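Each remark here refers to the structure printed beneath this line.
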Amino acid sequence: MKHLRIKGIDWFLEKDLLDDFLNTIELKATYRRDYRIIQVNDNRYFFKFFREKGLSGVFRRSINPRAKKEFLMGKRLLSFGINTPEPFGYGVSKDGSFIIQRCLYGKNFIDAFYEQENKKERIIQLAMLLKKMEAYKIRHNDLHLNNIIVEDNKLYLIDLHKMEIKKHFSLSDKVSNLSHSLAMVYQDMSEDEKETFFLTYGSPNIRKIVESTLTDMWKKWIEKKKKRAFKDTSIVKNAKDILYIKDSQWQRQEVFKEIIKQDKKTVVCRYSDHIRKSYRNKRRLKKAWEAYVVLSYMSLKVTPQVFFIKLPGIIQPGFMAMEDLKGRGEELDRFLDRQYNQMDLKKRALFIERLSVFLKCLFKKSIFHKDFKACNIFVKEDGSFLLLDMEDIVFKSANEEDLIKMFIQLNTTIPKYIKHTDRMRFFLKMIEGLEVNKKKSARRIAKASSIMDIVYEGIDGLKFKRFR
């Protein structure tokens, strides 16, 4: 390799064409990570900057800077026949280290996975890559699917500075690669796709261990994101006693209009450009905000948009400011009271299908609502759905008892005249593919519902009915 010192940076290069070019640009590792794509003649190069700071940074920079490690690991992967962007050199300065690689034109695996109709092809590709990594005893240590790029239908490993090539590849090493790579898609894979993955990988027996690890990883991720709900992050901006959602569309007019609802727990008011929900219980406000922030990290728009929260003071309760849904749909109980008798069999079946798909998608991602009354499901005019009362959203896998309780809540908060066949069709759609005893659960739901009041908000106001 050629060694050059240019503008305070020691460069170690394999490509002569870069010599003159490096003399013309200014490079500083001002951020923890920074990236740049640079055109040189007819070629595009990817520059990655690593900021090395503190005593650990001084030590790492002198012994094994991140860019050097990424360069060497890239060379090793290519020698094994594993695709990675070709590294052309690296640089080391007093502030950080820099690597130069071939610029990829593909997309990350997660986007390619969800865009492809036949996902099995991608699943097989991923399993074969992981199998090859095991054969060469490679533990990546940061193998989320944004670190696998798909270009020309080939998979490329990137972000190699944490990678290890080990003398002995343990069960822990295998599970690390598998669990990190599957974490972002496993909940959306069908049973057939999961079986295909582990069969292709060649170790079907490791599945239970991987699934247990994924569950633990998910719980830790949720708790980590909840803690970030009250800090400055990529999503949340902290300004004294106000927490803002970054890039929210709130107009900040704050003209009071009316009180919509008031009870022992909350007060809901309409302002000129938002709805304000005040919580008498600080804990419920905290839970609502945490749930919304976690959903934001998951990029899921399944609740009304929240603009900001005002943290509670010594006397004043805290509140959450969110979008006003007036005129854009209505709660499920009112929707059914208004629309059900106007629907033919086909429209009813379609509505049941849409609602069940929405909820099953949430269940797959371990999102559950503890207060599943019809008034907490909002039916938008475009046919989509939202969950209301965010303080009752929890992140867990729903078990049989949870589902039974959920159906009892729903069963007793929709109009009595909703046909038994439609109720059962929805129940069967919801538990499809889940480990639920259909007959036993249906009997329990029917028995519990029959001795309870039916309470719902209809188009003419609050209704009270009995099944018997």
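Ordering of the structure tokens sets the chain letters (A, B, ...), residue numbers begin anew at 1 in every chain, and ligands are numbered from 1 in the order given.
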
Inset, instruction - Please provide as a PyMOL selection string all residues within 9 Å of segment 139-149 of chain A, with the sequence filter that same-chain residues fewer than 5 positions apart are discarded (counting only C-alpha atoms). - result: chain A and resi 84+104-112+133-134+154-166+169+173-174+176-185

With N, CA and C atoms kept, could you save the residues just selected as an mmCIF file, in the first residue's frame?
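Result file is selection_7.cif:
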```
data_model
loop_
_atom_site.group_PDB
_atom_site.id
_atom_site.type_symbol
_atom_site.label_atom_id
_atom_site.label_comp_id
_atom_site.auth_asym_id
_atom_site.auth_seq_id
_atom_site.Cartn_x
_atom_site.Cartn_y
_atom_site.Cartn_z
ATOM 1 N N THR A 84 -18.816 -7.488 -0.300
ATOM 2 C CA THR A 84 -18.745 -6.272 0.499
ATOM 3 C C THR A 84 -18.190 -5.193 -0.420
ATOM 4 N N LEU A 104 -21.945 1.667 -3.463
ATOM 5 C CA LEU A 104 -22.995 0.747 -3.879
ATOM 6 C C LEU A 104 -24.205 1.525 -4.377
ATOM 7 N N TYR A 105 -24.917 0.942 -5.340
ATOM 8 C CA TYR A 105 -26.094 1.591 -5.917
ATOM 9 C C TYR A 105 -27.391 0.892 -5.512
ATOM 10 N N GLY A 106 -27.299 -0.040 -4.578
ATOM 11 C CA GLY A 106 -28.487 -0.812 -4.216
ATOM 12 C C GLY A 106 -29.303 -0.171 -3.112
ATOM 13 N N LYS A 107 -30.119 -0.985 -2.446
ATOM 14 C CA LYS A 107 -30.939 -0.541 -1.322
ATOM 15 C C LYS A 107 -30.731 -1.496 -0.158
ATOM 16 N N ASN A 108 -31.053 -1.037 1.045
ATOM 17 C CA ASN A 108 -30.839 -1.926 2.182
ATOM 18 C C ASN A 108 -31.812 -3.103 2.143
ATOM 19 N N PHE A 109 -31.439 -4.171 2.808
ATOM 20 C CA PHE A 109 -32.191 -5.430 2.745
ATOM 21 C C PHE A 109 -33.624 -5.251 3.228
ATOM 22 N N ILE A 110 -33.817 -4.444 4.261
ATOM 23 C CA ILE A 110 -35.156 -4.312 4.831
ATOM 24 C C ILE A 110 -36.127 -3.725 3.809
ATOM 25 N N ASP A 111 -35.669 -2.737 3.039
ATOM 26 C CA ASP A 111 -36.530 -2.149 2.004
ATOM 27 C C ASP A 111 -36.774 -3.155 0.876
ATOM 28 N N ALA A 112 -35.707 -3.842 0.463
ATOM 29 C CA ALA A 112 -35.847 -4.837 -0.609
ATOM 30 C C ALA A 112 -36.783 -5.971 -0.190
ATOM 31 N N MET A 133 -21.202 -17.175 6.485
ATOM 32 C CA MET A 133 -20.509 -16.484 7.571
ATOM 33 C C MET A 133 -20.127 -17.462 8.672
ATOM 34 N N GLU A 134 -21.033 -18.394 8.972
ATOM 35 C CA GLU A 134 -20.716 -19.420 9.976
ATOM 36 C C GLU A 134 -19.557 -20.290 9.515
ATOM 37 N N LYS A 154 -27.641 -9.270 -5.411
ATOM 38 C CA LYS A 154 -26.601 -9.853 -4.561
ATOM 39 C C LYS A 154 -26.604 -9.135 -3.218
ATOM 40 N N LEU A 155 -26.262 -9.862 -2.166
ATOM 41 C CA LEU A 155 -26.215 -9.275 -0.834
ATOM 42 C C LEU A 155 -24.786 -8.848 -0.493
ATOM 43 N N TYR A 156 -24.645 -7.627 0.025
ATOM 44 C CA TYR A 156 -23.349 -7.075 0.404
ATOM 45 C C TYR A 156 -23.369 -6.728 1.891
ATOM 46 N N LEU A 157 -22.369 -7.212 2.632
ATOM 47 C CA LEU A 157 -22.219 -6.853 4.038
ATOM 48 C C LEU A 157 -21.500 -5.516 4.147
ATOM 49 N N ILE A 158 -22.001 -4.632 5.016
ATOM 50 C CA ILE A 158 -21.316 -3.360 5.250
ATOM 51 C C ILE A 158 -21.178 -3.136 6.758
ATOM 52 N N ASP A 159 -20.531 -2.027 7.125
ATOM 53 C CA ASP A 159 -20.326 -1.648 8.531
ATOM 54 C C ASP A 159 -19.578 -2.758 9.276
ATOM 55 N N LEU A 160 -18.336 -2.922 8.935
ATOM 56 C CA LEU A 160 -17.559 -4.095 9.375
ATOM 57 C C LEU A 160 -16.641 -3.823 10.560
ATOM 58 N N HIS A 161 -16.637 -2.605 11.104
ATOM 59 C CA HIS A 161 -15.612 -2.255 12.093
ATOM 60 C C HIS A 161 -15.799 -2.961 13.442
ATOM 61 N N LYS A 162 -16.966 -3.581 13.675
ATOM 62 C CA LYS A 162 -17.160 -4.362 14.902
ATOM 63 C C LYS A 162 -17.002 -5.865 14.660
ATOM 64 N N MET A 163 -16.759 -6.247 13.445
ATOM 65 C CA MET A 163 -16.766 -7.660 13.050
ATOM 66 C C MET A 163 -15.568 -8.417 13.620
ATOM 67 N N GLU A 164 -15.790 -9.697 13.893
ATOM 68 C CA GLU A 164 -14.724 -10.587 14.364
ATOM 69 C C GLU A 164 -14.670 -11.829 13.477
ATOM 70 N N ILE A 165 -13.466 -12.296 13.214
ATOM 71 C CA ILE A 165 -13.278 -13.601 12.573
ATOM 72 C C ILE A 165 -12.616 -14.483 13.633
ATOM 73 N N LYS A 166 -13.365 -15.480 14.097
ATOM 74 C CA LYS A 166 -12.986 -16.203 15.308
ATOM 75 C C LYS A 166 -12.323 -17.546 14.997
ATOM 76 N N PHE A 169 -16.242 -21.036 16.540
ATOM 77 C CA PHE A 169 -17.549 -20.399 16.374
ATOM 78 C C PHE A 169 -18.553 -21.104 17.274
ATOM 79 N N ASP A 173 -22.208 -17.305 19.119
ATOM 80 C CA ASP A 173 -21.861 -16.574 17.895
ATOM 81 C C ASP A 173 -22.926 -16.781 16.819
ATOM 82 N N LYS A 174 -23.377 -18.020 16.664
ATOM 83 C CA LYS A 174 -24.428 -18.313 15.675
ATOM 84 C C LYS A 174 -25.704 -17.539 15.992
ATOM 85 N N SER A 176 -26.097 -14.891 17.785
ATOM 86 C CA SER A 176 -25.905 -13.444 17.619
ATOM 87 C C SER A 176 -26.162 -13.018 16.176
ATOM 88 N N ASN A 177 -25.529 -13.695 15.225
ATOM 89 C CA ASN A 177 -25.742 -13.368 13.810
ATOM 90 C C ASN A 177 -27.203 -13.544 13.401
ATOM 91 N N LEU A 178 -27.789 -14.667 13.806
ATOM 92 C CA LEU A 178 -29.159 -14.982 13.400
ATOM 93 C C LEU A 178 -30.173 -14.012 14.005
ATOM 94 N N SER A 179 -30.074 -13.776 15.295
ATOM 95 C CA SER A 179 -31.067 -12.942 15.968
ATOM 96 C C SER A 179 -30.986 -11.489 15.517
ATOM 97 N N HIS A 180 -29.768 -10.967 15.362
ATOM 98 C CA HIS A 180 -29.644 -9.579 14.926
ATOM 99 C C HIS A 180 -30.154 -9.387 13.500
ATOM 100 N N SER A 181 -29.899 -10.351 12.647
ATOM 101 C CA SER A 181 -30.335 -10.210 11.252
ATOM 102 C C SER A 181 -31.844 -10.387 11.102
ATOM 103 N N LEU A 182 -32.467 -11.197 11.951
ATOM 104 C CA LEU A 182 -33.902 -11.469 11.839
ATOM 105 C C LEU A 182 -34.780 -10.488 12.614
ATOM 106 N N ALA A 183 -34.180 -9.708 13.502
ATOM 107 C CA ALA A 183 -34.962 -8.895 14.439
ATOM 108 C C ALA A 183 -35.953 -7.967 13.751
ATOM 109 N N MET A 184 -35.582 -7.419 12.601
ATOM 110 C CA MET A 184 -36.423 -6.409 11.954
ATOM 111 C C MET A 184 -37.549 -6.999 11.106
ATOM 112 N N VAL A 185 -37.503 -8.301 10.808
ATOM 113 C CA VAL A 185 -38.506 -8.870 9.899
ATOM 114 C C VAL A 185 -39.215 -10.110 10.445
#
```

Inset, instruction - Report as a PyMOL selection string: the residues of segment 203-448 of chain A with a DSSP assignment of strand (DSSP E), based on the backbone of this structure. - result: chain A and resi 236-239+242-245+256-262+266-271+275-279+306-310+318-322+329-331+367-369+377-380+385-387+393-395

Per residue of segment 182-264 of chain A within 12 Å of segment 392-401 of chain A, which atom pair is closest and at what distance in Å (one decimal), using only C-alpha atoms, listed by chain and increasing number, as CSV?
```
residue,atom,partner,partner_atom,distance
A:Gln187,CA,A:Ser397,CA,10.7
A:Thr215,CA,A:Ser397,CA,9.4
A:Asp216,CA,A:Lys396,CA,11.4
A:Trp218,CA,A:Phe395,CA,9.3
A:Lys219,CA,A:Phe395,CA,8.2
A:Lys220,CA,A:Phe395,CA,11.3
A:Trp221,CA,A:Phe395,CA,10.7
A:Ile222,CA,A:Phe395,CA,7.6
A:Glu223,CA,A:Phe395,CA,9.8
A:Lys225,CA,A:Phe395,CA,11.7
A:Lys226,CA,A:Phe395,CA,10.9
```

Inset, instruction - Can you pull out every residue within 10 Å of Lys429 of chain A, counting only C-alpha atoms, but drop anything in the same chain fewer than 2 positions away, and send it as a list in words? - result: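 These residues fall inside the cut-off: Ile352, Glu353, Leu355, Ser356, Val357, Lys360, Met424, Arg425, Phe426, Phe427, Ile431, Glu432 and Gly433 of chain A.
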
Inset, instruction - Take atom CA of Gly8 of chain A and atom CA of Ser93 of chain A and report the distance between them in Å, one decimal. - result: 6.3 Å

Legend entry - All residues 10 Å or closer to Asn341 of chain A, only C-alpha atoms, same chain fewer than 6 positions away omitted, as a ChimeraX atom specification: /A:348,417-418

Inset, instruction - Would you mind telling me which residue in A:Lys261, A:Asn153, A:Phe307, A:Glu52 lies nearest to Lys246 of chain A when using only C-alpha atoms? - result: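 Selected residue with least distance to Lys246 of chain A: A:Phe307.
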
Inset, instruction - Determine the nearest neighbour of Ile260 of chain A from the options A:Lys326, A:Lys7, A:Lys167, A:Arg466, counting only C-alpha atoms. - result: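 Nearest to Ile260 of chain A: A:Lys326.
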
How close does each residue of segment 299-331 of chain A get to segment 363-372 of chain A, giving the shortest atom pair and distance in Å to one decimal for every residue with an atom at most 12 Å away, counting only C-alpha atoms, sorted by chain and residue number, as CSV?
```
residue,atom,partner,partner_atom,distance
A:Ser299,CA,A:Lys365,CA,11.9
A:Leu300,CA,A:Lys365,CA,10.3
A:Val302,CA,A:Ile367,CA,10.4
A:Thr303,CA,A:His369,CA,11.5
```

Near Asp453 of chain A, within 10 Å and counting only C-alpha atoms, which residues show up once chain neighbours fewer than 4 positions away are dropped, as an mmCIF file with N, CA and C atoms, in the first residue's frame?
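Here's the written file result-v5.cif:
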```cif
data_model
loop_
_atom_site.group_PDB
_atom_site.id
_atom_site.type_symbol
_atom_site.label_atom_id
_atom_site.label_comp_id
_atom_site.auth_asym_id
_atom_site.auth_seq_id
_atom_site.Cartn_x
_atom_site.Cartn_y
_atom_site.Cartn_z
ATOM 1 N N THR A 412 -69.215 -6.207 23.941
ATOM 2 C CA THR A 412 -70.186 -5.484 24.782
ATOM 3 C C THR A 412 -70.145 -3.975 24.563
ATOM 4 N N THR A 413 -69.449 -3.529 23.515
ATOM 5 C CA THR A 413 -69.393 -2.085 23.228
ATOM 6 C C THR A 413 -69.752 -1.777 21.776
ATOM 7 N N SER A 449 -70.200 -12.280 28.038
ATOM 8 C CA SER A 449 -70.909 -11.161 27.402
ATOM 9 C C SER A 449 -72.392 -11.169 27.738
ATOM 10 N N LYS A 463 -76.001 4.426 24.582
ATOM 11 C CA LYS A 463 -76.995 3.339 24.567
ATOM 12 C C LYS A 463 -76.663 2.282 25.620
ATOM 13 N N PHE A 464 -77.683 1.763 26.273
ATOM 14 C CA PHE A 464 -77.544 0.670 27.247
ATOM 15 C C PHE A 464 -78.456 -0.467 26.807
ATOM 16 N N LYS A 465 -77.916 -1.656 26.617
ATOM 17 C CA LYS A 465 -78.697 -2.821 26.187
ATOM 18 C C LYS A 465 -78.233 -4.048 26.958
ATOM 19 N N ARG A 466 -78.972 -5.153 26.807
ATOM 20 C CA ARG A 466 -78.584 -6.460 27.358
ATOM 21 C C ARG A 466 -78.746 -7.484 26.248
ATOM 22 N N PHE A 467 -77.875 -8.530 26.262
ATOM 23 C CA PHE A 467 -78.043 -9.610 25.292
ATOM 24 C C PHE A 467 -79.315 -10.387 25.566
ATOM 25 N N ARG A 468 -79.663 -10.497 26.849
ATOM 26 C CA ARG A 468 -80.869 -11.248 27.210
ATOM 27 C C ARG A 468 -81.934 -10.307 27.726
#
```

Legend entry - Residue among A:Lys119, A:Phe256, A:Asp422, A:Leu403 lying closest to Phe351 of chain A, counting only C-alpha atoms: A:Asp422

Inset, instruction - Find, counting only C-alpha atoms, the residue in A:Phe407, A:Phe378, A:Phe308, A:Phe98 that gets nearest to Arg36 of chain A. - result: A:Phe98

Legend entry - Selection near Leu22 of chain A, 10 Å with only C-alpha atoms, sequence-local residues under 6 positions removed, as a PyMOL selection string: chain A and resi 4+6-7+9+11

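Across the structure, atom CA of Ser450 of chain A and atom CA of Lys419 of chain A are spaced 14.4 Å apart.
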